[in-house]
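Quick look at protein06.pdb (PDB, C-alpha atoms, pLDDT in the B column):
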ATOM      1  CA  MET A 273       0.000   0.000   0.000  1.00 61.00           C
ATOM      2  CA  SER A 274       1.766   3.070  -1.250  1.00 76.00           C
ATOM      3  CA  SER A 275       0.272   5.424   1.352  1.00 84.00           C
ATOM      4  CA  GLY A 276       0.819   3.134   4.333  1.00 91.00           C
ATOM      5  CA  LEU A 277       2.959   4.263   7.241  1.00 89.00           C
ATOM      6  CA  CYS A 278       5.047   1.111   6.772  1.00 90.00           C
ATOM      7  CA  ARG A 279       6.121   2.105   3.247  1.00 89.00           C
ATOM      8  CA  THR A 280       9.424   3.396   4.604  1.00 88.00           C
ATOM      9  CA  ALA A 281      10.015   0.411   6.889  1.00 88.00           C
ATOM     10  CA  GLN A 282      12.231  -2.487   5.961  1.00 89.00           C
ATOM     11  CA  ALA A 283      10.304  -5.646   5.043  1.00 85.00           C
ATOM     12  CA  ASP A 284      12.268  -7.511   7.718  1.00 89.00           C
ATOM     13  CA  ASP A 285      10.651  -5.217  10.304  1.00 88.00           C
ATOM     14  CA  LEU A 286       7.160  -6.428   9.347  1.00 91.00           C
ATOM     15  CA  PHE A 287       7.855 -10.146   9.031  1.00 92.00           C
ATOM     16  CA  VAL A 288       9.030 -10.909  12.543  1.00 92.00           C
ATOM     17  CA  GLU A 289       8.220 -13.306  15.356  1.00 90.00           C
ATOM     18  CA  GLY A 290       7.689 -13.079  19.084  1.00 90.00           C
ATOM     19  CA  THR A 291       7.921  -9.777  20.919  1.00 90.00           C
ATOM     20  CA  ALA A 292       9.203  -7.995  17.806  1.00 92.00           C
ATOM     21  CA  GLN A 293       5.627  -8.223  16.506  1.00 93.00           C
ATOM     22  CA  LYS A 294       4.609  -5.519  19.000  1.00 93.00           C
ATOM     23  CA  ARG A 295       7.001  -3.082  17.328  1.00 91.00           C
ATOM     24  CA  ALA A 296       5.725  -4.096  13.899  1.00 92.00           C
ATOM     25  CA  LYS A 297       2.105  -3.605  14.991  1.00 94.00           C
ATOM     26  CA  ALA A 298       3.003  -0.166  16.373  1.00 93.00           C
ATOM     27  CA  LEU A 299       3.895   0.921  12.826  1.00 91.00           C
ATOM     28  CA  CYS A 300       0.214   0.461  11.951  1.00 93.00           C
ATOM     29  CA  THR A 301      -1.097   2.778  14.663  1.00 92.00           C
ATOM     30  CA  GLY A 302      -2.811   5.726  13.022  1.00 91.00           C
ATOM     31  CA  CYS A 303      -2.116   4.462   9.502  1.00 94.00           C
ATOM     32  CA  PRO A 304      -4.643   5.799   6.968  1.00 93.00           C
ATOM     33  CA  VAL A 305      -4.799   2.458   5.142  1.00 93.00           C
ATOM     34  CA  GLN A 306      -4.809   0.135   8.157  1.00 94.00           C
ATOM     35  CA  ALA A 307      -8.291  -1.284   7.458  1.00 92.00           C
ATOM     36  CA  ALA A 308      -7.572  -1.733   3.744  1.00 94.00           C
ATOM     37  CA  CYS A 309      -4.292  -3.450   4.556  1.00 95.00           C
ATOM     38  CA  LEU A 310      -6.006  -5.794   7.017  1.00 95.00           C
ATOM     39  CA  ALA A 311      -8.781  -6.543   4.523  1.00 96.00           C
ATOM     40  CA  TYR A 312      -6.215  -7.360   1.831  1.00 95.00           C
ATOM     41  CA  ALA A 313      -4.398  -9.780   4.129  1.00 95.00           C
ATOM     42  CA  LEU A 314      -7.625 -11.470   5.220  1.00 96.00           C
ATOM     43  CA  ASP A 315      -9.175 -11.629   1.737  1.00 95.00           C
ATOM     44  CA  HIS A 316      -5.975 -13.082   0.271  1.00 95.00           C
ATOM     45  CA  ARG A 317      -5.223 -15.320   3.255  1.00 94.00           C
ATOM     46  CA  VAL A 318      -1.743 -13.841   3.684  1.00 93.00           C
ATOM     47  CA  GLU A 319      -0.081 -16.099   6.213  1.00 87.00           C
ATOM     48  CA  HIS A 320       3.061 -14.187   7.127  1.00 91.00           C
ATOM     49  CA  GLY A 321       3.846 -10.831   8.644  1.00 93.00           C
ATOM     50  CA  VAL A 322       1.975  -8.033  10.349  1.00 95.00           C
ATOM     51  CA  TRP A 323      -0.772  -6.593   8.142  1.00 95.00           C
ATOM     52  CA  GLY A 324      -3.327  -4.016   9.222  1.00 95.00           C
ATOM     53  CA  GLY A 325      -2.033  -3.992  12.783  1.00 95.00           C
ATOM     54  CA  MET A 326      -2.582  -7.702  13.335  1.00 95.00           C
ATOM     55  CA  THR A 327      -0.190 -10.627  13.531  1.00 95.00           C
ATOM     56  CA  GLU A 328      -0.598 -13.792  11.515  1.00 93.00           C
ATOM     57  CA  ARG A 329      -1.923 -15.523  14.647  1.00 93.00           C
ATOM     58  CA  GLU A 330      -4.552 -12.797  15.074  1.00 95.00           C
ATOM     59  CA  HIS A 331      -5.469 -13.108  11.384  1.00 95.00           C
ATOM     60  CA  ARG A 332      -5.995 -16.841  11.759  1.00 94.00           C
ATOM     61  CA  GLY A 333      -8.139 -16.322  14.856  1.00 95.00           C
ATOM     62  CA  LEU A 334     -10.309 -13.730  13.132  1.00 94.00           C
ATOM     63  CA  LEU A 335     -10.751 -15.937  10.071  1.00 95.00           C
ATOM     64  CA  LYS A 336     -11.689 -18.853  12.311  1.00 95.00           C
ATOM     65  CA  ARG A 337     -14.226 -16.784  14.289  1.00 95.00           C
ATOM     66  CA  ARG A 338     -15.828 -15.374  11.112  1.00 94.00           C
ATOM     67  CA  PRO A 339     -15.646 -18.215   8.537  1.00 93.00           C
ATOM     68  CA  THR A 340     -18.625 -16.991   6.505  1.00 94.00           C
ATOM     69  CA  VAL A 341     -17.116 -13.601   5.577  1.00 94.00           C
ATOM     70  CA  ARG A 342     -16.571 -13.533   1.814  1.00 93.00           C
ATOM     71  CA  SER A 343     -15.187 -10.003   1.513  1.00 95.00           C
ATOM     72  CA  TRP A 344     -13.312  -8.505   4.423  1.00 95.00           C
ATOM     73  CA  ALA A 345     -12.817  -5.313   2.424  1.00 93.00           C
ATOM     74  CA  ARG A 346     -16.565  -4.840   2.140  1.00 92.00           C
ATOM     75  CA  LEU A 347     -17.214  -5.825   5.760  1.00 92.00           C
ATOM     76  CA  LEU A 348     -14.570  -3.483   7.180  1.00 89.00           C
ATOM     77  CA  ASP A 349     -15.632  -0.608   4.959  1.00 86.00           C
ATOM     78  CA  THR A 350     -19.293  -1.050   5.924  1.00 86.00           C
ATOM     79  CA  ALA A 351     -18.403  -1.266   9.614  1.00 83.00           C
ATOM     80  CA  ARG A 352     -16.223   1.855   9.354  1.00 78.00           C
ATOM     81  CA  LEU A 353     -19.033   3.830   7.749  1.00 78.00           C
ATOM     82  CA  GLN A 354     -21.579   2.661  10.315  1.00 80.00           C
ATOM     83  CA  SER A 355     -19.304   3.438  13.257  1.00 76.00           C
ATOM     84  CA  GLY A 356     -18.474   6.936  12.120  1.00 69.00           C
ATOM     85  CA  GLY A 357     -14.914   6.264  11.033  1.00 59.00           C
ATOM     86  CA  GLY A 358     -13.602   4.072  13.826  1.00 53.00           C
ATOM     87  CA  ASP A 359     -11.639   0.881  13.482  1.00 50.00           C
ATOM     88  CA  ALA A 360     -13.988  -1.848  12.270  1.00 49.00           C
ATOM     89  CA  VAL A 361     -12.210  -4.598  14.196  1.00 52.00           C
ATOM     90  CA  ALA A 362     -11.396  -2.824  17.462  1.00 45.00           C
ATOM     91  CA  GLY A 363     -14.343  -0.449  17.490  1.00 42.00           C
ATOM     92  CA  PRO A 364     -14.725   3.301  17.209  1.00 40.00           C
ATOM     93  CA  ARG A 365     -11.875   5.569  18.188  1.00 41.00           C
ATOM     94  CA  PRO A 366     -12.412   7.747  21.243  1.00 40.00           C
ATOM     95  CA  ALA A 367     -13.184  11.402  20.498  1.00 38.00           C
TER      96      ALA A 367
END
Structure rendered as structure tokens:
Amino acid sequence: MSSGLCRTAQADDLFVEGTAQKRAKALCTGCPVQAACLAYALDHRVEHGVWGGMTEREHRGLLKRRPTVRSWARLLDTARLQSGGGDAVAGPRPA
């Protein structure tokens, strides 16, 4: 995603394991394309790296909890619009 906050990060910083994932997830905080990035990873079943502020383990858990979702992009966009611009997975941002 060309407008993502991670565009200047090294790929090795996003494809990490263990506690380094917290630093990778922090890159996503406040990113304007976080939801689109997450939707891409979920829709394409990307199995490695931090995408949209979630680890691969969190991706797998979300996919397992919501197996009937056909388009994460559509779901996240709809949820964002309904919540007034908050994060569709975590909920609305505080004012």
Test item: the PyMOL selection byres ((chain A and resi 307) around 9) resolved as JSON, numbers by chain: {"A": [303, 304, 305, 306, 308, 309, 310, 311, 312, 324, 325, 345, 348, 349, 352, 359, 360, 361]}
Please produce a file of the residues just selected, as a PDB file, keeping the file's coordinate frame, where the atoms kept are C-alpha atoms.
ATOM      1  CA  CYS A 303      -2.116   4.462   9.502  1.00 94.00           C
ATOM      2  CA  PRO A 304      -4.643   5.799   6.968  1.00 93.00           C
ATOM      3  CA  VAL A 305      -4.799   2.458   5.142  1.00 93.00           C
ATOM      4  CA  GLN A 306      -4.809   0.135   8.157  1.00 94.00           C
ATOM      5  CA  ALA A 308      -7.572  -1.733   3.744  1.00 94.00           C
ATOM      6  CA  CYS A 309      -4.292  -3.450   4.556  1.00 95.00           C
ATOM      7  CA  LEU A 310      -6.006  -5.794   7.017  1.00 95.00           C
ATOM      8  CA  ALA A 311      -8.781  -6.543   4.523  1.00 96.00           C
ATOM      9  CA  TYR A 312      -6.215  -7.360   1.831  1.00 95.00           C
ATOM     10  CA  GLY A 324      -3.327  -4.016   9.222  1.00 95.00           C
ATOM     11  CA  GLY A 325      -2.033  -3.992  12.783  1.00 95.00           C
ATOM     12  CA  ALA A 345     -12.817  -5.313   2.424  1.00 93.00           C
ATOM     13  CA  LEU A 348     -14.570  -3.483   7.180  1.00 89.00           C
ATOM     14  CA  ASP A 349     -15.632  -0.608   4.959  1.00 86.00           C
ATOM     15  CA  ARG A 352     -16.223   1.855   9.354  1.00 78.00           C
ATOM     16  CA  ASP A 359     -11.639   0.881  13.482  1.00 50.00           C
ATOM     17  CA  ALA A 360     -13.988  -1.848  12.270  1.00 49.00           C
ATOM     18  CA  VAL A 361     -12.210  -4.598  14.196  1.00 52.00           C
TER      19      VAL A 361
END
Put a box with edges along x, y and z around all the listed atoms of range 302-307 of chain A, pad it by 5 Å on each side, then give me its centre and sizes in Å, one decimal, as JSON.
{"center_x": -5.2, "center_y": 2.3, "center_z": 9.1, "size_x": 16.2, "size_y": 17.1, "size_z": 17.9}
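Relative to CA of Ser343 in chain A, CA of Arg317 in chain A is found at 11.4 Å.
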Counting only C-alpha atoms, the option among A:Ala296, A:Leu314, A:Val322, A:Leu353 closest to Pro339 in chain A: A:Leu314
Please return, as a tab-separated table (two decimals) with C-alpha atoms, in the coordinates of the input, all polymer residues that have at least one atom within 12 Å of the point (-1.1, -11.8, 8.6); use only C-alpha atoms and the file's own coordinate frame.
chain	number	residue	atom	x	y	z
A	286	LEU	CA	7.16	-6.43	9.35
A	287	PHE	CA	7.86	-10.15	9.03
A	288	VAL	CA	9.03	-10.91	12.54
A	289	GLU	CA	8.22	-13.31	15.36
A	293	GLN	CA	5.63	-8.22	16.51
A	296	ALA	CA	5.72	-4.10	13.90
A	297	LYS	CA	2.10	-3.60	14.99
A	309	CYS	CA	-4.29	-3.45	4.56
A	310	LEU	CA	-6.01	-5.79	7.02
A	311	ALA	CA	-8.78	-6.54	4.52
A	312	TYR	CA	-6.22	-7.36	1.83
A	313	ALA	CA	-4.40	-9.78	4.13
A	314	LEU	CA	-7.62	-11.47	5.22
A	315	ASP	CA	-9.18	-11.63	1.74
A	316	HIS	CA	-5.98	-13.08	0.27
A	317	ARG	CA	-5.22	-15.32	3.26
A	318	VAL	CA	-1.74	-13.84	3.68
A	319	GLU	CA	-0.08	-16.10	6.21
A	320	HIS	CA	3.06	-14.19	7.13
A	321	GLY	CA	3.85	-10.83	8.64
A	322	VAL	CA	1.98	-8.03	10.35
A	323	TRP	CA	-0.77	-6.59	8.14
A	324	GLY	CA	-3.33	-4.02	9.22
A	325	GLY	CA	-2.03	-3.99	12.78
A	326	MET	CA	-2.58	-7.70	13.34
A	327	THR	CA	-0.19	-10.63	13.53
A	328	GLU	CA	-0.60	-13.79	11.52
A	329	ARG	CA	-1.92	-15.52	14.65
A	330	GLU	CA	-4.55	-12.80	15.07
A	331	HIS	CA	-5.47	-13.11	11.38
A	332	ARG	CA	-6.00	-16.84	11.76
A	333	GLY	CA	-8.14	-16.32	14.86
A	334	LEU	CA	-10.31	-13.73	13.13
A	335	LEU	CA	-10.75	-15.94	10.07
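Comparing the minimum interatomic distances between Thr301 in chain A and each of A:Ala351, A:Asp284, A:Leu277, A:Thr340, counting only C-alpha atoms, we find that A:Leu277 sits nearest.
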CA of Ser355 in chain A to CA of Lys294 in chain A, distance in Å rounded to a single decimal: 26.2 Å
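Taking CA of Leu347 in chain A as the reference point, CA of Gly276 in chain A is found at 20.2 Å.
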Residue among A:Thr350, A:Lys336, A:Leu299, A:Ala292 lying closest to Thr280 in chain A, counting only C-alpha atoms: A:Leu299
